[in-house]
Amino acid sequence: MTDSRPDLLAGLNHDEATELLALGSRVSLSSGEVLFRMGSEAGSLYLVERGRIALTLPMQVAGREEDVLVEERSPGQTVGWSALIPPYRFTLNATAPLETEVLAFTRSSLLDHFGRWPVIGYIVTRNVASVIGQRLQVFQAMWLREVQRLVQLRCA
Amino acid sequence: MEMFLMVATVSLLGMVVSVGLFAAATRENSSGPEVQVEQPLPAAPPRFFLAERVPTAQPRVPVEVLLLQIERHVRLEQAAAESFLDAPTIKSLHSRTTSPLVH
């Protein structure tokens with residue numbers, strides 16, 4: 001884990017963070033290994049500990065289907081929030097471009113913990129909402145920039 | 001009188017012969033095989049610069065290069081979008097990019 005606090009643990013004190021981290025199980029990925037695929041059931045939320053996770057989407061490039069990078073997650077960042085949001089399906093492919101370690105939190109273990117400690121559940125859910133909101137805002141801006149270019153091409 | 005009739009007969013005969021010869025000559029001209037005169041073919045309209053315009057295949061970017069360009073584009077766009085979120089202004093939203101996919 002990096003020096004900076006993981007985004008999932010923001011707002012938790014040391015003990016609360018330690019208890020939450022204890023729910024996770026470490027998963028090691030070799031270079032090129034897939035963490036999850038788009039459309040598969042999202043049973044776990046992941047926290048990147050070491051390495052990187054590339055989030056990709058399939059795209060037709062020169063008549064071939066290729067996985068195109070959409071986003072990259074670094075140590076301390078959360079991946080796979082679909083595990084907490086219905087319909088619990090991943091909407092991207094996640095691959096490790098290099099040797100990577102993540103902490104996997106199953107949905108059931110998180111929900112059990114949140115049931116016992118609602119305040120922690122509230123804080124962690126807010127952190128997940130922040131991750132989702134940040135992605136939404138980034139992609140909204142990216143989308144608008146692309147639309148602006150289309151408009152400029154039309155008016156040229 | 002006899003003299004006059006003889007001259008008239010000879011003249012008439014000469015005229016008939018002349019007309020016959022003339023008719024034969026003109027018939028040969030009209031019904032004879034046509035002489036094929038080789039007309040010069042109309043010159044083709046000049047096609048300026050046609051020889052220079054050799055059809056060439058569009059240079060195609062290899063897929064691997066294209067994928068790298070897409071990846072670079074996404075990274076640049078993401079960085080631009082994050083800058084916009086840090087300081088939301090119209091200028092930062094529509095800041096120029098150096099992405100090769102756009103230029």
# chains A, B, ... in the order shown; residues from 1 in each chain; ligands from 1
call {"tool": "interface_residues", "arguments": {"of": "chain B", "to": "chain A", "cutoff": "10 Å", "atoms": "only C-alpha atoms", "output": "PyMOL selection string"}}
result
chain B and resi 60-64+66-68+70-85+88+93-96+102
call {"tool": "write_last_selection", "arguments": {"atoms": "N, CA and C atoms", "output": "PDB file, in the first residue's frame"}}
result
ATOM      1  N   ARG B  60      -2.031   2.894 -44.552  1.00  0.00           N
ATOM      2  CA  ARG B  60      -2.844   2.447 -43.415  1.00  0.00           C
ATOM      3  C   ARG B  60      -1.975   2.344 -42.178  1.00  0.00           C
ATOM      4  N   VAL B  61      -2.531   2.861 -41.094  1.00  0.00           N
ATOM      5  CA  VAL B  61      -1.800   2.821 -39.830  1.00  0.00           C
ATOM      6  C   VAL B  61      -1.949   1.413 -39.265  1.00  0.00           C
ATOM      7  N   PRO B  62      -0.847   0.774 -38.901  1.00  0.00           N
ATOM      8  CA  PRO B  62      -0.963  -0.557 -38.302  1.00  0.00           C
ATOM      9  C   PRO B  62      -1.819  -0.515 -37.044  1.00  0.00           C
ATOM     10  N   VAL B  63      -2.527  -1.607 -36.809  1.00  0.00           N
ATOM     11  CA  VAL B  63      -3.469  -1.652 -35.677  1.00  0.00           C
ATOM     12  C   VAL B  63      -2.756  -1.374 -34.357  1.00  0.00           C
ATOM     13  N   GLU B  64      -1.549  -1.900 -34.226  1.00  0.00           N
ATOM     14  CA  GLU B  64      -0.814  -1.713 -32.971  1.00  0.00           C
ATOM     15  C   GLU B  64      -0.541  -0.226 -32.727  1.00  0.00           C
ATOM     16  N   LEU B  66      -2.269   2.229 -34.026  1.00  0.00           N
ATOM     17  CA  LEU B  66      -3.570   2.858 -33.782  1.00  0.00           C
ATOM     18  C   LEU B  66      -4.000   2.657 -32.325  1.00  0.00           C
ATOM     19  N   LEU B  67      -3.782   1.463 -31.805  1.00  0.00           N
ATOM     20  CA  LEU B  67      -4.148   1.191 -30.410  1.00  0.00           C
ATOM     21  C   LEU B  67      -3.345   2.072 -29.454  1.00  0.00           C
ATOM     22  N   LEU B  68      -2.070   2.248 -29.766  1.00  0.00           N
ATOM     23  CA  LEU B  68      -1.239   3.124 -28.920  1.00  0.00           C
ATOM     24  C   LEU B  68      -1.744   4.565 -28.987  1.00  0.00           C
ATOM     25  N   ILE B  70      -4.825   5.462 -29.604  1.00  0.00           N
ATOM     26  CA  ILE B  70      -6.096   5.527 -28.847  1.00  0.00           C
ATOM     27  C   ILE B  70      -5.791   5.624 -27.355  1.00  0.00           C
ATOM     28  N   GLU B  71      -4.836   4.796 -26.905  1.00  0.00           N
ATOM     29  CA  GLU B  71      -4.489   4.790 -25.479  1.00  0.00           C
ATOM     30  C   GLU B  71      -3.970   6.167 -25.056  1.00  0.00           C
ATOM     31  N   ARG B  72      -3.110   6.731 -25.905  1.00  0.00           N
ATOM     32  CA  ARG B  72      -2.569   8.062 -25.602  1.00  0.00           C
ATOM     33  C   ARG B  72      -3.688   9.105 -25.586  1.00  0.00           C
ATOM     34  N   HIS B  73      -4.588   8.967 -26.542  1.00  0.00           N
ATOM     35  CA  HIS B  73      -5.722   9.896 -26.622  1.00  0.00           C
ATOM     36  C   HIS B  73      -6.555   9.830 -25.342  1.00  0.00           C
ATOM     37  N   VAL B  74      -6.848   8.593 -24.894  1.00  0.00           N
ATOM     38  CA  VAL B  74      -7.677   8.425 -23.687  1.00  0.00           C
ATOM     39  C   VAL B  74      -6.973   9.039 -22.482  1.00  0.00           C
ATOM     40  N   ARG B  75      -5.668   8.782 -22.363  1.00  0.00           N
ATOM     41  CA  ARG B  75      -4.927   9.333 -21.219  1.00  0.00           C
ATOM     42  C   ARG B  75      -4.951  10.864 -21.237  1.00  0.00           C
ATOM     43  N   LEU B  76      -4.718  11.430 -22.429  1.00  0.00           N
ATOM     44  CA  LEU B  76      -4.714  12.894 -22.534  1.00  0.00           C
ATOM     45  C   LEU B  76      -6.090  13.474 -22.228  1.00  0.00           C
ATOM     46  N   GLU B  77      -7.117  12.808 -22.750  1.00  0.00           N
ATOM     47  CA  GLU B  77      -8.477  13.295 -22.522  1.00  0.00           C
ATOM     48  C   GLU B  77      -8.866  13.177 -21.058  1.00  0.00           C
ATOM     49  N   GLN B  78      -8.422  12.078 -20.442  1.00  0.00           N
ATOM     50  CA  GLN B  78      -8.734  11.891 -19.022  1.00  0.00           C
ATOM     51  C   GLN B  78      -8.048  12.971 -18.190  1.00  0.00           C
ATOM     52  N   ALA B  79      -6.784  13.240 -18.551  1.00  0.00           N
ATOM     53  CA  ALA B  79      -6.050  14.281 -17.821  1.00  0.00           C
ATOM     54  C   ALA B  79      -6.733  15.636 -18.008  1.00  0.00           C
ATOM     55  N   ALA B  80      -7.187  15.904 -19.244  1.00  0.00           N
ATOM     56  CA  ALA B  80      -7.867  17.175 -19.509  1.00  0.00           C
ATOM     57  C   ALA B  80      -9.172  17.252 -18.719  1.00  0.00           C
ATOM     58  N   ALA B  81      -9.898  16.133 -18.667  1.00  0.00           N
ATOM     59  CA  ALA B  81     -11.163  16.119 -17.926  1.00  0.00           C
ATOM     60  C   ALA B  81     -10.915  16.322 -16.440  1.00  0.00           C
ATOM     61  N   GLU B  82      -9.852  15.713 -15.919  1.00  0.00           N
ATOM     62  CA  GLU B  82      -9.543  15.883 -14.488  1.00  0.00           C
ATOM     63  C   GLU B  82      -9.122  17.325 -14.189  1.00  0.00           C
ATOM     64  N   SER B  83      -8.396  17.928 -15.118  1.00  0.00           N
ATOM     65  CA  SER B  83      -8.038  19.347 -14.937  1.00  0.00           C
ATOM     66  C   SER B  83      -9.286  20.203 -14.892  1.00  0.00           C
ATOM     67  N   PHE B  84     -10.248  19.851 -15.757  1.00  0.00           N
ATOM     68  CA  PHE B  84     -11.508  20.601 -15.773  1.00  0.00           C
ATOM     69  C   PHE B  84     -12.221  20.466 -14.425  1.00  0.00           C
ATOM     70  N   LEU B  85     -12.196  19.239 -13.858  1.00  0.00           N
ATOM     71  CA  LEU B  85     -12.882  19.034 -12.581  1.00  0.00           C
ATOM     72  C   LEU B  85     -12.189  19.799 -11.458  1.00  0.00           C
ATOM     73  N   PRO B  88     -13.286  24.011 -12.874  1.00  0.00           N
ATOM     74  CA  PRO B  88     -14.287  23.957 -13.942  1.00  0.00           C
ATOM     75  C   PRO B  88     -14.526  25.307 -14.622  1.00  0.00           C
ATOM     76  N   LEU B  93     -12.459  23.141 -19.990  1.00  0.00           N
ATOM     77  CA  LEU B  93     -13.267  22.055 -20.560  1.00  0.00           C
ATOM     78  C   LEU B  93     -12.892  21.812 -22.018  1.00  0.00           C
ATOM     79  N   HIS B  94     -12.650  22.901 -22.756  1.00  0.00           N
ATOM     80  CA  HIS B  94     -12.358  22.748 -24.182  1.00  0.00           C
ATOM     81  C   HIS B  94     -10.894  23.068 -24.500  1.00  0.00           C
ATOM     82  N   SER B  95     -10.025  22.743 -23.565  1.00  0.00           N
ATOM     83  CA  SER B  95      -8.595  22.973 -23.818  1.00  0.00           C
ATOM     84  C   SER B  95      -8.135  22.102 -24.978  1.00  0.00           C
ATOM     85  N   ARG B  96      -7.129  22.583 -25.692  1.00  0.00           N
ATOM     86  CA  ARG B  96      -6.643  21.863 -26.868  1.00  0.00           C
ATOM     87  C   ARG B  96      -5.897  20.606 -26.441  1.00  0.00           C
ATOM     88  N   VAL B 102      -6.755  13.425 -33.044  1.00  0.00           N
ATOM     89  CA  VAL B 102      -7.565  14.612 -33.322  1.00  0.00           C
ATOM     90  C   VAL B 102      -6.931  15.446 -34.429  1.00  0.00           C
TER      91      VAL B 102
END
call {"tool": "select_by_dssp", "arguments": {"residues": "chain A", "states": "strand (DSSP E)", "output": "ChimeraX atom specification"}}
result
/A:25-29,34-36,44-50,53-61,64-73,78-79,93-95,100-106
call {"tool": "residues_around", "arguments": {"residues": "Thr91 in chain A", "least_positions_apart": "3", "cutoff": "9 Å", "atoms": "only C-alpha atoms", "output": "MDAnalysis selection string"}}
result
chainID A and resid 37:40 57 80 82
call {"tool": "closest_residue", "arguments": {"among": "A:Val48, A:Ile85, A:Ala96, A:Val102", "to": "Ser28 in chain A", "atoms": "only C-alpha atoms"}}
result
A:Val102
call {"tool": "closest_residue", "arguments": {"among": "A:Leu98, A:Leu47, A:Val147, A:Leu92", "to": "Asp7 in chain A", "atoms": "only C-alpha atoms"}}
result
A:Leu47
call {"tool": "residues_around", "arguments": {"residues": "Ser4 in chain A", "least_positions_apart": "6", "cutoff": "12 Å", "atoms": "only C-alpha atoms", "output": "MDAnalysis selection string"}}
result
chainID A and resid 10 49 74:77
call {"tool": "residues_around", "arguments": {"residues": "Ser108 in chain A", "least_positions_apart": "5", "cutoff": "10 Å", "atoms": "only C-alpha atoms", "output": "list in words"}}
result
Gly43, Ser44, Ala83, Leu84, His113 and Phe114 of chain A
call {"tool": "select_by_dssp", "arguments": {"residues": "range 32-127 of chain A", "states": "alpha helix (DSSP H)", "output": "MDAnalysis selection string"}}
result
chainID A and resid 107:116 118:127
call {"tool": "atom_distance", "arguments": {"atom1": "CA of Thr18 in chain A", "atom2": "CA of Ala129 in chain A"}}
result
21.0 Å
